[in-house]
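Participant: One structure follows; several queries about it will come next.
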Amino acid sequence: MRVVSVVVLSLFVAITSGCGETEEEKQFHQQLLDKALNDGTKKAGMQFLQENAQRDGVVVTPSGLQYEVLQAAEGPQPNVLSQVRVSYTGWTVDGEPFESSVGKEKQPVFTVKDVIKGWREALLKMSPGARWKVYLPSELGYGARSPGGMVPANSALIFEIELLEILPQEKADQ
């Protein structure tokens with residue numbers, strides 16, 4: 001994914017660099033490219049994930065998703081069109097919580113295909129009653145954009161997700 005991002009960004013810079021730019025504009029575009037490739041937030045997340053992957057009980061998938069099963073469950077698993085009810089808390093890799101449904105009167109319902117990539121990959125492997133701690137590289141989270149608040153662009157993220165239920169279609173429509 002990083003290679004694709006670099007190629008796209010490089011093409012953008014290459015295309016726009018020959019369009020009557022001044023030397024100052026060329027330097028500005030090069031600085032943007034350098035910043036995108038050497039972002040401190042991205043580096044900190046990669047370092048965290050590299051160290052986290054070595055811990056006992058952490059499973060690393062081919063996509064880079066890392067997870068720990070905190071509470072196992074057996075049973076049906078959702079598909080990408082399923083609507084699921086979850087309880088979750090999200091943290092940045094420095095331990096700052098940024099979002100949580102814990103303690104709310106009603107737990108949120110999401111369609112699996114509409115959540116961030118890392119959540120989607122994890123949810124598709126979980127059964128109701130399962131509780132996992134997932135560690136997402138930025139590409140499986142919000143990527144190069146910030147969802148706002150305490151989560152900068154290129155952030156690796158941590159979530160504790162409990163899959164409460166897979167909603168039957170008639171219940172999901174309500």
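By order in the structure tokens, chains are A, B, ...; within a chain, residues start at 1; ligands start at 1, following the order shown.
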Report as JSON, numbers by chain all protein, DNA and RNA residues lying within 6 Å of Val86 of chain A, evaluated on only C-alpha atoms, omitting residues in the same chain fewer than 2 positions from it.
Facilitator: {"A": [162, 163, 164]}
Participant: Neighbours of Phe110 of chain A within 7 Å (only C-alpha atoms; same-chain residues fewer than 4 positions away dropped), as a PyMOL selection string?
Facilitator: chain A and resi 83-85
Participant: Env of Met150 of chain A: 9 Å cut, atoms = only C-alpha atoms, seq-sep filter 6 positions within chain, self excluded. Answer as an NGL selection string.
Facilitator: :A and (92 or 96-98)
Participant: Residues within 7 Å of Gly45 of chain A, please, as a ChimeraX atom specification. Count only C-alpha atoms; anything in the same chain fewer than 2 positions from it doesn't count.
Facilitator: /A:41-43,47-49,93,137,155-156
Participant: Write the residues you've just listed into a file as an mmCIF file, in the first residue's frame, and include N, CA, C and O atoms for each of them.
Facilitator:
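Contents of the output file out29.cif:
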data_model
loop_
_atom_site.group_PDB
_atom_site.id
_atom_site.type_symbol
_atom_site.label_atom_id
_atom_site.label_comp_id
_atom_site.auth_asym_id
_atom_site.auth_seq_id
_atom_site.Cartn_x
_atom_site.Cartn_y
_atom_site.Cartn_z
ATOM 1 N N THR A 41 4.378 10.680 12.603
ATOM 2 C CA THR A 41 3.267 9.878 13.119
ATOM 3 C C THR A 41 3.310 8.478 12.520
ATOM 4 O O THR A 41 3.147 7.482 13.222
ATOM 5 N N LYS A 42 3.554 8.421 11.233
ATOM 6 C CA LYS A 42 3.638 7.126 10.540
ATOM 7 C C LYS A 42 4.801 6.300 11.101
ATOM 8 O O LYS A 42 4.651 5.110 11.391
ATOM 9 N N LYS A 43 5.952 6.935 11.272
ATOM 10 C CA LYS A 43 7.123 6.231 11.797
ATOM 11 C C LYS A 43 6.872 5.710 13.209
ATOM 12 O O LYS A 43 7.224 4.578 13.528
ATOM 13 N N GLN A 47 6.906 1.758 14.333
ATOM 14 C CA GLN A 47 7.768 1.289 15.423
ATOM 15 C C GLN A 47 6.948 0.546 16.472
ATOM 16 O O GLN A 47 7.315 -0.537 16.918
ATOM 17 N N PHE A 48 5.797 1.132 16.851
ATOM 18 C CA PHE A 48 4.919 0.495 17.823
ATOM 19 C C PHE A 48 4.481 -0.883 17.337
ATOM 20 O O PHE A 48 4.542 -1.876 18.069
ATOM 21 N N LEU A 49 4.013 -0.957 16.095
ATOM 22 C CA LEU A 49 3.507 -2.217 15.552
ATOM 23 C C LEU A 49 4.607 -3.265 15.435
ATOM 24 O O LEU A 49 4.375 -4.452 15.693
ATOM 25 N N VAL A 93 -1.593 5.018 19.547
ATOM 26 C CA VAL A 93 -0.547 4.118 20.032
ATOM 27 C C VAL A 93 0.168 4.654 21.267
ATOM 28 O O VAL A 93 0.865 3.896 21.943
ATOM 29 N N PRO A 137 -2.270 -0.809 11.374
ATOM 30 C CA PRO A 137 -1.393 0.140 10.696
ATOM 31 C C PRO A 137 -2.269 1.224 10.064
ATOM 32 O O PRO A 137 -3.468 0.993 9.814
ATOM 33 N N SER A 155 -1.987 7.703 11.397
ATOM 34 C CA SER A 155 -1.913 7.105 12.730
ATOM 35 C C SER A 155 -2.182 5.613 12.710
ATOM 36 O O SER A 155 -3.172 5.157 12.131
ATOM 37 N N ALA A 156 -1.306 4.851 13.372
ATOM 38 C CA ALA A 156 -1.625 3.467 13.717
ATOM 39 C C ALA A 156 -2.585 3.566 14.906
ATOM 40 O O ALA A 156 -2.482 4.492 15.712
#
Participant: My list of candidates is A:Ile161, A:Ala153, A:Ala53, A:Leu123. Which is closest to Val102 of chain A when distances are computed with only C-alpha atoms?
Facilitator: A:Ile161
Participant: A:Glu21, A:Gly103, A:Lys26, A:Leu136: which is nearest Gly90 of chain A, counting only C-alpha atoms?
Facilitator: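 Of A:Glu21, A:Gly103, A:Lys26, A:Leu136, the one nearest Gly90 of chain A, counting only C-alpha atoms, is A:Leu136.
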